[in-house]
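Report on one structure; see the data block that follows.
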Protein chains: 2
Amino acid sequence: MSTYDLTRPHEPPDELAAAMTPEEVRLACRAGSFHRPTRGAALGWVHCNLVVLDRRHAYDFLLYCQRNRRACPVLEVTDPGVAEPVELAPGCDLRTDLARYAVFERGARREDRSEIINLWTRDSVAFLIGSGISFDGALERAGVQTKRFRWIVNTGIETVAAGPFSGRLVATMRWLTPTEAIIATEVSARFPLTHGAPIHIGDPDQIGADLHKPVLGEPVSRPPDGYIPVFWACGVTPHNAALNARLDLLITHAPAHGLPVDLPTDRLAVI
Amino acid sequence: MSTYDLTRPHEPPDELAAAMTPEEVRLACRAGSFHRPTRGAALGWVHCNLVVLDRRHAYDFLLYCQRNRRACPVLEVTDPGVAEPVELAPGCDLRTDLARYAVFERGARREDRSEIINLWTRDSVAFLIGSGISFDGALERAGVQTKRFRWIVNTGIETVAAGPFSGRLVATMRWLTPTEAIIATEVSARFPLTHGAPIHIGDPDQIGADLHKPVLGEPVSRPPDGYIPVFWACGVTPHNAALNARLDLLITHAPAHGLPVDLPTDRLAVI
């Protein structure tokens, strides 16, 4: 337990947020006292991206994730109507325990919500997908800074479709020194369930990465001198695929507002 | 290409089988000139376990695999009615390219078949699941013998159910020297998509492993002096779960007669 007081009306500052347990973050979200991005909070714990859709699309979406496992490592799927991820976060209520939810109707984004109680039905199925944020702690311990030079960019790489789900791969790009690039490759490779090793290193054009219109981050033209761009498959990929499917209703976490769960990232390391 | 002659009427001997490419094995099966177990054939290539079932059970089975990924690492799922695994073995026909198929009706095993053309329908979905045989080559290269002391045993560990699929974990057990046990743990951990690291080492009773009635191998009471039993999650687990579901029709590869695919095992290594 950290010293974070759930009744505290203000946002936890960085250091306090980092020391919070995943459950503390979730309960603070439920209580309406945590609105900041989850990046940097509950450091060292697995963070998940959320996708909620109707059971009639669940097979095609799970298959899409299987076919594109680098971008979509599924860590848990709830049974229809069950809002508790019993394996990864017992006691969690997925309808209230994220800081912010994005809601899409037929592919159009509606206003964000702080809870989705009224949108949840007995046919709702939730997918928890490992987030690359999860290995930030391991990168930091190995001497790779994770706070600077991070973008999310579209690429030209087509994913493998399943049913109505398709689209291009979205990548997380970090600019690293050559030494950091090697260390980051070694470290992240140990975590295949949170995107694993990079998918590309060097020239953005080789994967059609669009640095001029990044999904997240300032538009750029070239890396600063002495840095190499390194690209990881990104959990925004399945969001995009679900959006492309233009489902009647799709709910995801709002960007940067994911779900920390009760699993230390180091437990997901394969070696 | 090896020097294996597809028109050859007899079985390839061990050394020739090991040097065959996956495609050569598959075409020899199709031609009816390969009946031996695939273990030891196409060494260094990924081998897959096969499960074929009706599309109406596909979601629950894929979910069962996700929930028990150590035992059921899904490498490819075909679209309904499509008998070609386009990602892993282009040109392969899953109805003819395995040496031997096991057929189950409502949980009862029928006579094995050398092809399943008449059982395949437009609703058939095939699951290719990574087999632990795949890392035998990597173990041998690291100095761990893979030919002796290998059993398949039931354990008392309950898997996580999904729909009608449930049951206990089946394990591959090898008796290794302490040094081999450590090396085998290091090596297999690099291959999470073919069962990865061991699930247990030492006392069989701790996981309820039944050595008296093994699924494969001679009944035993205790390891030979100087050896430690080491247990891996086994691809027979999803077969058992599918059997427990008592589906109208379930087709799998016959034990030890899997499908080698066009992916070098070393390409699946995560680090």
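Residue numbering restarts at 1 for every chain of the structure tokens, chains are lettered A, B, ... in their displayed order, and ligands are numbered from 1 as they appear.
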**Report entry** Selection: 8 Å around region 48-63 of chain A, only C-alpha atoms, excl. self and same-chain fewer than 5 positions, as number ranges by chain
**Finding:** A: 74, 80, 123-131, 162-165, 235, 239, 242, 249-253, 258-261; B: 58-59, 62-63, 77
Please write the residues from the selection above to a file, keeping C-alpha atoms, as a compact mmCIF listing (two decimals), in the first residue's frame.
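That gives us result_14.txt:
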```txt
# COMPACT_ATOMS: atom_id res chain seq x y z
CA VAL A 74 -4.93 -10.76 -25.09
CA PRO A 80 -20.68 -12.01 -21.50
CA ASP A 123 -23.99 -9.21 -23.90
CA SER A 124 -20.95 -7.02 -23.26
CA VAL A 125 -17.60 -8.79 -23.51
CA ALA A 126 -14.41 -7.10 -22.29
CA PHE A 127 -10.95 -7.77 -23.67
CA LEU A 128 -7.88 -6.84 -21.62
CA ILE A 129 -4.86 -6.43 -23.86
CA GLY A 130 -1.29 -6.10 -22.57
CA SER A 131 0.10 -2.58 -22.88
CA ALA A 162 -10.66 -11.48 -39.20
CA GLY A 163 -14.34 -10.96 -39.99
CA PRO A 164 -15.01 -7.20 -40.01
CA PHE A 165 -11.77 -6.37 -38.19
CA GLY A 235 -2.18 -1.51 -28.53
CA HIS A 239 -8.79 -0.09 -31.38
CA ALA A 242 -12.56 -2.26 -34.06
CA LEU A 249 -21.14 0.34 -30.05
CA LEU A 250 -17.50 0.07 -29.10
CA ILE A 251 -16.01 1.13 -25.79
CA THR A 252 -12.29 1.43 -25.12
CA HIS A 253 -10.17 3.09 -22.49
CA GLY A 258 -5.57 2.22 -19.18
CA LEU A 259 -6.17 -0.34 -16.47
CA PRO A 260 -3.41 -1.48 -14.11
CA VAL A 261 -4.00 -5.08 -12.95
CA ALA B 58 -14.88 -22.02 -32.34
CA TYR B 59 -15.24 -19.02 -30.03
CA LEU B 62 -10.34 -20.15 -28.90
CA LEU B 63 -11.25 -18.59 -25.56
CA VAL B 77 -6.95 -20.53 -36.95
```
Near chain A, meaning an atom within 6 Å, which residues of chain B appear when counting only C-alpha atoms? Write them as a short mmCIF file (atom, residue, chain, number, x, y, z; two decimals) with N, CA and C atoms, in the first residue's frame.
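Result went into part.cif, see below:
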```
data_model
loop_
_atom_site.label_atom_id
_atom_site.label_comp_id
_atom_site.auth_asym_id
_atom_site.auth_seq_id
_atom_site.Cartn_x
_atom_site.Cartn_y
_atom_site.Cartn_z
N TYR B 59 -15.54 -20.09 -30.98
CA TYR B 59 -15.24 -19.02 -30.03
C TYR B 59 -14.87 -19.58 -28.67
N ALA B 189 12.19 -21.83 -22.13
CA ALA B 189 11.59 -20.54 -21.77
C ALA B 189 11.59 -19.56 -22.94
N VAL B 270 11.75 -15.91 -28.37
CA VAL B 270 11.49 -14.51 -28.05
C VAL B 270 12.76 -13.75 -27.72
N ILE B 271 13.83 -14.47 -27.41
CA ILE B 271 15.08 -13.77 -27.13
C ILE B 271 16.24 -14.73 -27.31
#
```
Query raised in the report: Could you pull out all residues of region 16-249 of chain B with a DSSP call of strand (DSSP E or B) and give them as a PyMOL selection string?
Result: chain B and resi 45-54+74-77+101-105+108-109+113+124-130+150-158+162+165+168-176+200-201+216+228-233
Query raised in the report: Near region 95-101 of chain A, within 8 Å and counting only C-alpha atoms, which residues show up once chain neighbours fewer than 3 positions away are dropped, as a list in words?
Result: Arg26, Leu27, Ala28, Cys29, Arg30, Gly32, Phe34, His35, Arg36, Pro37, Ala83, Cys92, Asp112, Arg113, Ser114, Glu115, Ile116, Ile117, Trp120, Ile251, Thr252, His253, Ala254, His257, Gly258 and Leu259 of chain A
Report task. Give me every alpha helix (DSSP H) residue in region 45-136 of chain B, going by DSSP on the backbone, as a VMD selection string. Result -> chain B and resid 58 to 67 136
Go ahead and write the residues just picked, all heavy atoms, as a short mmCIF file (atom, residue, chain, number, x, y, z; two decimals), in the first residue's frame.
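Output file again_17.cif follows:
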```cif
data_model
loop_
_atom_site.label_atom_id
_atom_site.label_comp_id
_atom_site.auth_asym_id
_atom_site.auth_seq_id
_atom_site.Cartn_x
_atom_site.Cartn_y
_atom_site.Cartn_z
N ALA B 58 -16.22 -22.60 -32.14
CA ALA B 58 -14.88 -22.02 -32.34
C ALA B 58 -14.56 -20.93 -31.31
O ALA B 58 -13.44 -20.85 -30.81
CB ALA B 58 -14.76 -21.47 -33.76
N TYR B 59 -15.54 -20.09 -30.98
CA TYR B 59 -15.24 -19.02 -30.03
C TYR B 59 -14.87 -19.58 -28.67
O TYR B 59 -13.86 -19.20 -28.08
CB TYR B 59 -16.40 -18.03 -29.89
CG TYR B 59 -16.13 -16.96 -28.84
CD1 TYR B 59 -15.08 -16.06 -29.02
CD2 TYR B 59 -16.87 -16.88 -27.67
CE1 TYR B 59 -14.80 -15.10 -28.06
CE2 TYR B 59 -16.60 -15.92 -26.72
CZ TYR B 59 -15.56 -15.02 -26.91
OH TYR B 59 -15.27 -14.08 -25.97
N ASP B 60 -15.70 -20.50 -28.18
CA ASP B 60 -15.41 -21.05 -26.84
C ASP B 60 -14.06 -21.77 -26.83
O ASP B 60 -13.33 -21.70 -25.84
CB ASP B 60 -16.53 -22.01 -26.41
CG ASP B 60 -17.78 -21.27 -25.95
OD1 ASP B 60 -17.64 -20.14 -25.44
OD2 ASP B 60 -18.88 -21.82 -26.10
N PHE B 61 -13.74 -22.44 -27.93
CA PHE B 61 -12.46 -23.17 -27.94
C PHE B 61 -11.28 -22.19 -28.00
O PHE B 61 -10.28 -22.36 -27.29
CB PHE B 61 -12.40 -24.16 -29.10
CG PHE B 61 -11.18 -25.04 -29.04
CD1 PHE B 61 -11.06 -26.00 -28.06
CD2 PHE B 61 -10.13 -24.88 -29.93
CE1 PHE B 61 -9.91 -26.79 -27.96
CE2 PHE B 61 -8.99 -25.67 -29.85
CZ PHE B 61 -8.89 -26.63 -28.86
N LEU B 62 -11.42 -21.14 -28.82
CA LEU B 62 -10.34 -20.15 -28.90
C LEU B 62 -10.17 -19.46 -27.55
O LEU B 62 -9.05 -19.19 -27.10
CB LEU B 62 -10.66 -19.13 -30.00
CG LEU B 62 -9.58 -18.09 -30.32
CD1 LEU B 62 -8.25 -18.74 -30.67
CD2 LEU B 62 -10.03 -17.16 -31.45
N LEU B 63 -11.30 -19.21 -26.87
CA LEU B 63 -11.25 -18.59 -25.56
C LEU B 63 -10.61 -19.54 -24.54
O LEU B 63 -9.79 -19.11 -23.70
CB LEU B 63 -12.67 -18.22 -25.12
CG LEU B 63 -12.83 -17.39 -23.84
CD1 LEU B 63 -12.06 -16.08 -23.92
CD2 LEU B 63 -14.32 -17.10 -23.59
N TYR B 64 -10.95 -20.82 -24.64
CA TYR B 64 -10.30 -21.81 -23.76
C TYR B 64 -8.79 -21.77 -23.95
O TYR B 64 -8.02 -21.80 -22.97
CB TYR B 64 -10.84 -23.22 -24.04
CG TYR B 64 -10.20 -24.28 -23.18
CD1 TYR B 64 -10.62 -24.48 -21.87
CD2 TYR B 64 -9.15 -25.05 -23.66
CE1 TYR B 64 -10.02 -25.44 -21.06
CE2 TYR B 64 -8.54 -26.00 -22.87
CZ TYR B 64 -8.97 -26.19 -21.56
OH TYR B 64 -8.35 -27.13 -20.77
N CYS B 65 -8.37 -21.69 -25.19
CA CYS B 65 -6.93 -21.64 -25.47
C CYS B 65 -6.31 -20.37 -24.90
O CYS B 65 -5.22 -20.39 -24.34
CB CYS B 65 -6.68 -21.73 -26.98
SG CYS B 65 -7.11 -23.35 -27.68
N GLN B 66 -7.02 -19.23 -25.04
CA GLN B 66 -6.49 -17.98 -24.50
C GLN B 66 -6.35 -18.09 -22.98
O GLN B 66 -5.36 -17.63 -22.41
CB GLN B 66 -7.43 -16.81 -24.87
CG GLN B 66 -6.87 -15.43 -24.54
CD GLN B 66 -7.03 -15.06 -23.08
OE1 GLN B 66 -8.03 -15.37 -22.44
NE2 GLN B 66 -6.00 -14.40 -22.52
N ARG B 67 -7.31 -18.73 -22.35
CA ARG B 67 -7.30 -18.80 -20.88
C ARG B 67 -6.29 -19.82 -20.36
O ARG B 67 -6.01 -19.86 -19.16
CB ARG B 67 -8.71 -19.14 -20.37
CG ARG B 67 -9.67 -17.97 -20.56
CD ARG B 67 -11.09 -18.29 -20.09
NE ARG B 67 -11.89 -17.07 -20.18
CZ ARG B 67 -13.21 -17.03 -20.01
NH1 ARG B 67 -13.88 -18.14 -19.75
NH2 ARG B 67 -13.86 -15.89 -20.12
N ASP B 136 12.68 -29.56 -29.52
CA ASP B 136 13.61 -30.68 -29.36
C ASP B 136 14.97 -30.37 -29.99
O ASP B 136 16.02 -30.67 -29.41
CB ASP B 136 13.04 -31.95 -30.00
CG ASP B 136 12.10 -32.70 -29.06
OD1 ASP B 136 11.86 -32.21 -27.95
OD2 ASP B 136 11.62 -33.78 -29.46
#
```
List as a short mmCIF file (atom, residue, chain, number, x, y, z; two decimals) with N, CA, C and O atoms, in the first residue's frame the protein and nucleic acid residues near Lys213 (chain A), meaning an atom at most 9 Å away when only C-alpha atoms are counted, but skip any in the same chain fewer than 5 places from it.
```
data_model
loop_
_atom_site.label_atom_id
_atom_site.label_comp_id
_atom_site.auth_asym_id
_atom_site.auth_seq_id
_atom_site.Cartn_x
_atom_site.Cartn_y
_atom_site.Cartn_z
N VAL A 153 2.41 6.27 -33.89
CA VAL A 153 2.32 6.63 -35.31
C VAL A 153 1.64 5.52 -36.11
O VAL A 153 1.74 4.34 -35.78
N ASN A 154 0.93 5.92 -37.16
CA ASN A 154 0.39 4.95 -38.10
C ASN A 154 1.52 4.42 -38.98
O ASN A 154 2.49 5.11 -39.26
N GLU A 218 4.08 15.35 -31.10
CA GLU A 218 4.20 16.46 -32.04
C GLU A 218 4.70 15.95 -33.40
O GLU A 218 5.54 15.06 -33.45
N PRO A 219 4.17 16.52 -34.50
CA PRO A 219 4.68 16.13 -35.83
C PRO A 219 6.18 16.40 -35.91
O PRO A 219 6.66 17.39 -35.37
N VAL A 220 6.89 15.48 -36.55
CA VAL A 220 8.34 15.64 -36.68
C VAL A 220 8.75 15.22 -38.08
O VAL A 220 8.00 14.56 -38.80
#
```
